[in-house]
Amino acid sequence: MSANNRMVEKSKAAIKNALLDIMYEKDFKQITVNELLKRANISRGTFYAHFSNLEDVRQQLINDLFDHADYLFGDYTASELEKDPYPIMLMAADMMIASRDPAKRLFKFVNVYDLGINLKTWLTKYILSDAELVERWGGTEIATIYARFIAGGVMHAYNMWILDDFDVSAETLAHTLCNILVNGIKAFEVK
């Protein structure tokens, strides 16, 4: 990566991080470009070189979140995760711990801006993309119910954990979610 590209990425990151910071403090509709420029310590020209407006920055944060989810799950099928979801569950928990404050901001962003619903929808689609699993669960209609239940539960558990609703280690959270998923998924099998 060239020095120029590193500067561009650094500027974009500063803008996105500043927006996350401000959104943790107040509603998105109350944020101004001037406030963001000051917080990110960048010029107006730099901002508009990368983004057309505040909504564009917010959309990039959403895209980054889904890109990261694709990265985390990219090497696994839902059937593989069904057998042993622990590595991916622990990876997600460790990632949240590594950047606990930014993760808290991100989860506030998820809750306030209905991204939680979008993430649940993404996870539901991911699960339903595994044709073998859908067939074992009794077809698309039934599998959709199972997938929505799983996606909602997993997202809610991580959300409450990162917001300090309950105090357990990442390992305990990952193991417990795995037990629920593996044993619960077995109960979904069509008999």
# chains A, B, ... in the order shown; residues from 1 in each chain; ligands from 1

$ select_by_dssp --residues "stretch 31-89 of chain A" --states "helix (DSSP H, G or I)" --output "tab-separated table (two decimals) with all heavy atoms, in the first residue's frame"
chain	number	residue	atom	x	y	z
A	33	VAL	N	-21.78	18.35	9.99
A	33	VAL	CA	-20.49	18.10	9.35
A	33	VAL	C	-19.39	18.86	10.10
A	33	VAL	O	-18.31	18.32	10.35
A	33	VAL	CB	-20.51	18.49	7.85
A	33	VAL	CG1	-19.11	18.43	7.25
A	33	VAL	CG2	-21.46	17.58	7.08
A	34	ASN	N	-19.67	20.09	10.50
A	34	ASN	CA	-18.67	20.89	11.23
A	34	ASN	C	-18.24	20.19	12.52
A	34	ASN	O	-17.05	20.18	12.86
A	34	ASN	CB	-19.19	22.28	11.53
A	34	ASN	CG	-19.19	23.18	10.31
A	34	ASN	OD1	-18.45	22.93	9.36
A	34	ASN	ND2	-20.03	24.19	10.33
A	35	GLU	N	-19.20	19.64	13.23
A	35	GLU	CA	-18.89	18.92	14.47
A	35	GLU	C	-18.00	17.71	14.17
A	35	GLU	O	-17.04	17.44	14.91
A	35	GLU	CB	-20.21	18.48	15.11
A	35	GLU	CG	-20.09	17.77	16.42
A	35	GLU	CD	-21.44	17.43	17.00
A	35	GLU	OE1	-22.47	17.43	16.27
A	35	GLU	OE2	-21.49	17.13	18.21
A	36	LEU	N	-18.32	17.01	13.11
A	36	LEU	CA	-17.52	15.84	12.73
A	36	LEU	C	-16.11	16.25	12.32
A	36	LEU	O	-15.13	15.59	12.70
A	36	LEU	CB	-18.21	15.08	11.59
A	36	LEU	CG	-17.50	13.83	11.10
A	36	LEU	CD1	-17.46	12.76	12.19
A	36	LEU	CD2	-18.20	13.29	9.87
A	37	LEU	N	-15.99	17.33	11.55
A	37	LEU	CA	-14.67	17.80	11.12
A	37	LEU	C	-13.79	18.12	12.32
A	37	LEU	O	-12.61	17.75	12.35
A	37	LEU	CB	-14.81	19.06	10.25
A	37	LEU	CG	-15.56	18.92	8.94
A	37	LEU	CD1	-15.70	20.28	8.25
A	37	LEU	CD2	-14.90	17.92	8.03
A	38	LYS	N	-14.37	18.80	13.29
A	38	LYS	CA	-13.62	19.17	14.49
A	38	LYS	C	-13.19	17.92	15.25
A	38	LYS	O	-12.03	17.80	15.66
A	38	LYS	CB	-14.48	20.07	15.37
A	38	LYS	CG	-13.76	20.59	16.58
A	38	LYS	CD	-14.63	21.56	17.36
A	38	LYS	CE	-13.90	22.04	18.59
A	38	LYS	NZ	-14.71	22.95	19.38
A	39	ARG	N	-14.11	16.97	15.44
A	39	ARG	CA	-13.81	15.75	16.19
A	39	ARG	C	-12.76	14.91	15.48
A	39	ARG	O	-11.89	14.33	16.11
A	39	ARG	CB	-15.09	14.95	16.40
A	39	ARG	CG	-14.95	13.70	17.26
A	39	ARG	CD	-14.76	13.97	18.74
A	39	ARG	NE	-15.87	14.64	19.34
A	39	ARG	CZ	-16.83	14.07	20.05
A	39	ARG	NH1	-16.82	12.79	20.28
A	39	ARG	NH2	-17.81	14.80	20.55
A	40	ALA	N	-12.85	14.82	14.16
A	40	ALA	CA	-11.91	14.00	13.39
A	40	ALA	C	-10.59	14.73	13.12
A	40	ALA	O	-9.63	14.12	12.66
A	40	ALA	CB	-12.54	13.59	12.06
A	44	ARG	N	-12.54	20.31	5.73
A	44	ARG	CA	-13.77	20.09	4.95
A	44	ARG	C	-13.44	19.42	3.62
A	44	ARG	O	-14.13	18.52	3.17
A	44	ARG	CB	-14.49	21.44	4.74
A	44	ARG	CG	-15.83	21.32	4.05
A	44	ARG	CD	-16.56	22.65	4.06
A	44	ARG	NE	-16.96	23.07	5.39
A	44	ARG	CZ	-18.04	22.62	6.04
A	44	ARG	NH1	-18.82	21.74	5.48
A	44	ARG	NH2	-18.32	23.07	7.24
A	45	GLY	N	-12.35	19.86	2.98
A	45	GLY	CA	-11.95	19.29	1.70
A	45	GLY	C	-11.63	17.80	1.81
A	45	GLY	O	-11.98	17.01	0.94
A	46	THR	N	-10.96	17.42	2.90
A	46	THR	CA	-10.63	16.01	3.12
A	46	THR	C	-11.91	15.21	3.30
A	46	THR	O	-12.07	14.12	2.73
A	46	THR	CB	-9.72	15.85	4.36
A	46	THR	OG1	-8.51	16.55	4.12
A	46	THR	CG2	-9.43	14.39	4.64
A	47	PHE	N	-12.85	15.74	4.07
A	47	PHE	CA	-14.13	15.04	4.27
A	47	PHE	C	-14.82	14.79	2.93
A	47	PHE	O	-15.18	13.67	2.61
A	47	PHE	CB	-15.05	15.85	5.20
A	47	PHE	CG	-16.41	15.22	5.36
A	47	PHE	CD1	-16.61	14.19	6.26
A	47	PHE	CD2	-17.48	15.67	4.60
A	47	PHE	CE1	-17.87	13.60	6.39
A	47	PHE	CE2	-18.74	15.09	4.73
A	47	PHE	CZ	-18.93	14.05	5.62
A	48	TYR	N	-14.97	15.86	2.15
A	48	TYR	CA	-15.71	15.73	0.89
A	48	TYR	C	-14.92	15.00	-0.21
A	48	TYR	O	-15.51	14.56	-1.19
A	48	TYR	CB	-16.20	17.10	0.42
A	48	TYR	CG	-17.37	17.57	1.25
A	48	TYR	CD1	-17.24	18.63	2.15
A	48	TYR	CD2	-18.61	16.93	1.18
A	48	TYR	CE1	-18.30	19.04	2.93
A	48	TYR	CE2	-19.67	17.33	1.96
A	48	TYR	CZ	-19.52	18.39	2.84
A	48	TYR	OH	-20.58	18.79	3.62
A	49	ALA	N	-13.64	14.82	0.00
A	49	ALA	CA	-12.86	13.99	-0.93
A	49	ALA	C	-13.22	12.51	-0.76
A	49	ALA	O	-13.08	11.72	-1.70
A	49	ALA	CB	-11.36	14.19	-0.70
A	50	HIS	N	-13.70	12.15	0.42
A	50	HIS	CA	-14.00	10.74	0.72
A	50	HIS	C	-15.49	10.43	0.82
A	50	HIS	O	-15.91	9.30	0.53
A	50	HIS	CB	-13.33	10.33	2.03
A	50	HIS	CG	-11.86	10.58	2.06
A	50	HIS	ND1	-11.00	10.12	1.10
A	50	HIS	CD2	-11.09	11.27	2.95
A	50	HIS	CE1	-9.76	10.49	1.39
A	50	HIS	NE2	-9.79	11.20	2.50
A	54	LEU	N	-22.94	13.16	5.64
A	54	LEU	CA	-22.89	12.34	6.85
A	54	LEU	C	-23.55	10.98	6.65
A	54	LEU	O	-23.09	9.97	7.18
A	54	LEU	CB	-23.57	13.08	8.01
A	54	LEU	CG	-22.83	14.28	8.57
A	54	LEU	CD1	-23.68	15.00	9.60
A	54	LEU	CD2	-21.49	13.87	9.18
A	55	GLU	N	-24.62	10.94	5.88
A	55	GLU	CA	-25.30	9.67	5.61
A	55	GLU	C	-24.36	8.71	4.87
A	55	GLU	O	-24.39	7.50	5.11
A	55	GLU	CB	-26.58	9.89	4.81
A	55	GLU	CG	-27.34	8.62	4.49
A	55	GLU	CD	-27.73	7.79	5.71
A	55	GLU	OE1	-28.06	8.37	6.77
A	55	GLU	OE2	-27.68	6.54	5.62
A	56	ASP	N	-23.53	9.24	4.01
A	56	ASP	CA	-22.55	8.43	3.29
A	56	ASP	C	-21.57	7.78	4.28
A	56	ASP	O	-21.20	6.61	4.14
A	56	ASP	CB	-21.81	9.31	2.28
A	56	ASP	CG	-20.99	8.54	1.28
A	56	ASP	OD1	-21.24	7.34	1.08
A	56	ASP	OD2	-20.08	9.15	0.68
A	57	VAL	N	-21.15	8.52	5.29
A	57	VAL	CA	-20.25	7.97	6.32
A	57	VAL	C	-20.97	6.88	7.10
A	57	VAL	O	-20.43	5.79	7.33
A	57	VAL	CB	-19.76	9.07	7.29
A	57	VAL	CG1	-18.82	8.48	8.34
A	57	VAL	CG2	-19.10	10.21	6.55
A	58	ARG	N	-22.21	7.16	7.48
A	58	ARG	CA	-23.00	6.17	8.23
A	58	ARG	C	-23.18	4.90	7.40
A	58	ARG	O	-23.03	3.79	7.91
A	58	ARG	CB	-24.36	6.75	8.61
A	58	ARG	CG	-25.16	5.85	9.53
A	58	ARG	CD	-26.43	6.56	9.99
A	58	ARG	NE	-27.45	6.50	8.99
A	58	ARG	CZ	-28.44	5.60	8.96
A	58	ARG	NH1	-28.53	4.69	9.90
A	58	ARG	NH2	-29.34	5.62	8.02
A	59	GLN	N	-23.44	5.05	6.11
A	59	GLN	CA	-23.60	3.88	5.25
A	59	GLN	C	-22.30	3.09	5.14
A	59	GLN	O	-22.32	1.87	5.11
A	59	GLN	CB	-24.10	4.29	3.86
A	59	GLN	CG	-24.46	3.11	2.98
A	59	GLN	CD	-25.53	2.22	3.57
A	59	GLN	OE1	-26.59	2.68	3.97
A	59	GLN	NE2	-25.25	0.93	3.67
A	60	GLN	N	-21.18	3.79	5.13
A	60	GLN	CA	-19.89	3.09	5.07
A	60	GLN	C	-19.66	2.29	6.35
A	60	GLN	O	-19.12	1.19	6.31
A	60	GLN	CB	-18.74	4.06	4.83
A	60	GLN	CG	-17.41	3.38	4.66
A	60	GLN	CD	-17.39	2.39	3.52
A	60	GLN	OE1	-17.65	2.74	2.39
A	60	GLN	NE2	-17.09	1.12	3.80
A	61	LEU	N	-20.08	2.84	7.50
A	61	LEU	CA	-19.98	2.09	8.75
A	61	LEU	C	-20.82	0.81	8.68
A	61	LEU	O	-20.39	-0.25	9.14
A	61	LEU	CB	-20.42	2.96	9.93
A	61	LEU	CG	-19.47	4.06	10.35
A	61	LEU	CD1	-20.16	5.03	11.31
A	61	LEU	CD2	-18.21	3.48	10.98
A	62	ILE	N	-22.00	0.92	8.11
A	62	ILE	CA	-22.86	-0.25	7.95
A	62	ILE	C	-22.19	-1.25	7.02
A	62	ILE	O	-22.13	-2.46	7.34
A	62	ILE	CB	-24.25	0.18	7.40
A	62	ILE	CG1	-25.00	1.02	8.43
A	62	ILE	CG2	-25.07	-1.04	6.98
A	62	ILE	CD1	-26.23	1.72	7.89
A	63	ASN	N	-21.66	-0.79	5.91
A	63	ASN	CA	-20.98	-1.68	4.97
A	63	ASN	C	-19.78	-2.36	5.62
A	63	ASN	O	-19.55	-3.56	5.41
A	63	ASN	CB	-20.52	-0.92	3.73
A	63	ASN	CG	-21.67	-0.40	2.90
A	63	ASN	OD1	-22.82	-0.82	3.06
A	63	ASN	ND2	-21.39	0.54	2.02
A	64	ASP	N	-19.02	-1.61	6.42
A	64	ASP	CA	-17.87	-2.18	7.12
A	64	ASP	C	-18.31	-3.30	8.06
A	64	ASP	O	-17.64	-4.33	8.17
A	64	ASP	CB	-17.14	-1.11	7.94
A	64	ASP	CG	-16.41	-0.09	7.09
A	64	ASP	OD1	-16.30	-0.28	5.85
A	64	ASP	OD2	-15.95	0.93	7.67
A	65	LEU	N	-19.42	-3.09	8.73
A	65	LEU	CA	-19.93	-4.10	9.66
A	65	LEU	C	-20.29	-5.38	8.93
A	65	LEU	O	-19.91	-6.47	9.35
A	65	LEU	CB	-21.15	-3.53	10.40
A	65	LEU	CG	-21.74	-4.36	11.51
A	65	LEU	CD1	-20.75	-4.56	12.64
A	65	LEU	CD2	-23.00	-3.68	12.04
A	66	PHE	N	-20.97	-5.27	7.80
A	66	PHE	CA	-21.34	-6.46	7.04
A	66	PHE	C	-20.13	-7.10	6.37
A	66	PHE	O	-20.05	-8.32	6.29
A	66	PHE	CB	-22.45	-6.14	6.03
A	66	PHE	CG	-23.78	-5.97	6.70
A	66	PHE	CD1	-24.33	-4.72	6.87
A	66	PHE	CD2	-24.46	-7.07	7.20
A	66	PHE	CE1	-25.54	-4.57	7.51
A	66	PHE	CE2	-25.68	-6.92	7.84
A	66	PHE	CZ	-26.22	-5.66	7.99
A	67	ASP	N	-19.18	-6.30	5.94
A	67	ASP	CA	-17.94	-6.86	5.39
A	67	ASP	C	-17.22	-7.68	6.45
A	67	ASP	O	-16.68	-8.76	6.16
A	67	ASP	CB	-17.00	-5.75	4.88
A	67	ASP	CG	-17.48	-5.11	3.60
A	67	ASP	OD1	-18.40	-5.67	2.94
A	67	ASP	OD2	-16.95	-4.03	3.26
A	68	HIS	N	-17.21	-7.18	7.68
A	68	HIS	CA	-16.56	-7.91	8.76
A	68	HIS	C	-17.30	-9.21	9.06
A	68	HIS	O	-16.67	-10.25	9.29
A	68	HIS	CB	-16.44	-7.04	10.00
A	68	HIS	CG	-15.53	-7.64	11.01
A	68	HIS	ND1	-14.16	-7.73	10.82
A	68	HIS	CD2	-15.77	-8.22	12.21
A	68	HIS	CE1	-13.61	-8.33	11.86
A	68	HIS	NE2	-14.57	-8.63	12.71
A	69	ALA	N	-18.61	-9.16	9.04
A	69	ALA	CA	-19.40	-10.38	9.26
A	69	ALA	C	-19.11	-11.39	8.16
A	69	ALA	O	-18.93	-12.59	8.43
A	69	ALA	CB	-20.89	-10.05	9.31
A	70	ASP	N	-19.04	-10.94	6.91
A	70	ASP	CA	-18.70	-11.84	5.80
A	70	ASP	C	-17.32	-12.44	6.00
A	70	ASP	O	-17.10	-13.62	5.74
A	70	ASP	CB	-18.74	-11.10	4.46
A	70	ASP	CG	-20.15	-10.80	3.98
A	70	ASP	OD1	-21.10	-11.49	4.42
A	70	ASP	OD2	-20.31	-9.87	3.16
A	71	TYR	N	-16.38	-11.63	6.48
A	71	TYR	CA	-15.03	-12.12	6.73
A	71	TYR	C	-15.03	-13.19	7.82
A	71	TYR	O	-14.41	-14.24	7.67
A	71	TYR	CB	-14.12	-10.95	7.13
A	71	TYR	CG	-12.80	-11.39	7.69
A	71	TYR	CD1	-11.78	-11.84	6.85
A	71	TYR	CD2	-12.57	-11.36	9.07
A	71	TYR	CE1	-10.56	-12.25	7.38
A	71	TYR	CE2	-11.35	-11.77	9.59
A	71	TYR	CZ	-10.37	-12.22	8.75
A	71	TYR	OH	-9.17	-12.64	9.27
A	72	LEU	N	-15.72	-12.93	8.93
A	72	LEU	CA	-15.75	-13.88	10.03
A	72	LEU	C	-16.35	-15.23	9.62
A	72	LEU	O	-15.85	-16.28	10.00
A	72	LEU	CB	-16.56	-13.33	11.21
A	72	LEU	CG	-15.93	-12.25	12.07
A	72	LEU	CD1	-16.90	-11.78	13.13
A	72	LEU	CD2	-14.64	-12.76	12.71
A	73	PHE	N	-17.43	-15.19	8.86
A	73	PHE	CA	-18.15	-16.41	8.52
A	73	PHE	C	-17.72	-16.99	7.18
A	73	PHE	O	-18.15	-18.09	6.82
A	73	PHE	CB	-19.65	-16.13	8.49
A	73	PHE	CG	-20.27	-15.99	9.84
A	73	PHE	CD1	-20.17	-14.80	10.54
A	73	PHE	CD2	-20.92	-17.05	10.44
A	73	PHE	CE1	-20.74	-14.66	11.79
A	73	PHE	CE2	-21.49	-16.93	11.69
A	73	PHE	CZ	-21.39	-15.72	12.38
A	78	ALA	N	-22.97	-23.04	7.17
A	78	ALA	CA	-23.81	-23.16	8.36
A	78	ALA	C	-23.74	-24.59	8.91
A	78	ALA	O	-23.75	-24.80	10.12
A	78	ALA	CB	-25.25	-22.76	8.05
A	79	SER	N	-23.67	-25.59	8.04
A	79	SER	CA	-23.57	-26.99	8.49
A	79	SER	C	-22.29	-27.23	9.29
A	79	SER	O	-22.30	-27.95	10.29
A	79	SER	CB	-23.60	-27.95	7.30
A	79	SER	OG	-24.84	-27.92	6.67
A	80	GLU	N	-21.18	-26.62	8.83
A	80	GLU	CA	-19.92	-26.77	9.57
A	80	GLU	C	-20.02	-26.10	10.94
A	80	GLU	O	-19.55	-26.63	11.94
A	80	GLU	CB	-18.77	-26.16	8.77
A	80	GLU	CG	-18.41	-26.94	7.53
A	80	GLU	CD	-17.46	-26.18	6.63
A	80	GLU	OE1	-17.52	-24.94	6.55
A	80	GLU	OE2	-16.64	-26.86	6.00
A	81	LEU	N	-20.62	-24.93	10.96
A	81	LEU	CA	-20.79	-24.23	12.25
A	81	LEU	C	-21.74	-24.98	13.17
A	81	LEU	O	-21.61	-24.92	14.39
A	81	LEU	CB	-21.27	-22.80	12.02
A	81	LEU	CG	-20.24	-21.86	11.43
A	81	LEU	CD1	-20.85	-20.50	11.17
A	81	LEU	CD2	-19.03	-21.72	12.34
A	82	GLU	N	-22.69	-25.68	12.57
A	82	GLU	CA	-23.63	-26.46	13.38
A	82	GLU	C	-22.86	-27.51	14.18
A	82	GLU	O	-23.18	-27.75	15.34
A	82	GLU	CB	-24.64	-27.14	12.45
A	82	GLU	CG	-25.57	-28.10	13.16
A	82	GLU	CD	-26.37	-28.94	12.20
A	82	GLU	OE1	-25.95	-29.14	11.04
A	82	GLU	OE2	-27.43	-29.43	12.63
A	83	LYS	N	-21.84	-28.10	13.58
A	83	LYS	CA	-21.08	-29.16	14.25
A	83	LYS	C	-20.20	-28.60	15.36
A	83	LYS	O	-20.07	-29.20	16.41
A	83	LYS	CB	-20.23	-29.91	13.23
A	83	LYS	CG	-21.07	-30.69	12.24
A	83	LYS	CD	-20.22	-31.31	11.15
A	83	LYS	CE	-21.14	-31.91	10.10
A	83	LYS	NZ	-20.77	-31.56	8.76
A	86	TYR	N	-17.91	-23.17	18.17
A	86	TYR	CA	-17.07	-22.51	19.18
A	86	TYR	C	-16.00	-21.60	18.59
A	86	TYR	O	-15.86	-20.45	19.04
A	86	TYR	CB	-16.44	-23.54	20.12
A	86	TYR	CG	-15.61	-22.88	21.20
A	86	TYR	CD1	-16.23	-22.20	22.25
A	86	TYR	CD2	-14.23	-22.91	21.16
A	86	TYR	CE1	-15.48	-21.57	23.23
A	86	TYR	CE2	-13.47	-22.28	22.13
A	86	TYR	CZ	-14.11	-21.62	23.17
A	86	TYR	OH	-13.36	-20.99	24.14
A	87	PRO	N	-15.22	-22.03	17.58
A	87	PRO	CA	-14.16	-21.12	17.09
A	87	PRO	C	-14.69	-19.77	16.62
A	87	PRO	O	-14.11	-18.73	16.93
A	87	PRO	CB	-13.54	-21.91	15.92
A	87	PRO	CG	-13.84	-23.33	16.23
A	87	PRO	CD	-15.18	-23.33	16.92
A	88	ILE	N	-15.79	-19.77	15.89
A	88	ILE	CA	-16.33	-18.50	15.38
A	88	ILE	C	-16.96	-17.69	16.51
A	88	ILE	O	-16.84	-16.47	16.56
A	88	ILE	CB	-17.32	-18.72	14.22
A	88	ILE	CG1	-17.54	-17.42	13.46
A	88	ILE	CG2	-18.62	-19.27	14.66
A	88	ILE	CD1	-16.65	-17.24	12.30
A	89	MET	N	-17.60	-18.36	17.47
A	89	MET	CA	-18.20	-17.65	18.61
A	89	MET	C	-17.11	-16.99	19.46
A	89	MET	O	-17.25	-15.85	19.88
A	89	MET	CB	-19.01	-18.62	19.48
A	89	MET	CG	-20.22	-19.18	18.82
A	89	MET	SD	-21.45	-17.88	18.60
A	89	MET	CE	-22.79	-18.83	17.99

$ atom_distance --atom1 "atom CA of A:Leu90" --atom2 "atom CA of A:Glu25"
29.4 Å

$ closest_residue --among "A:Leu19, A:Leu133, A:Val154, A:Ile127" --to "A:Cys178" --atoms "only C-alpha atoms"
A:Val154
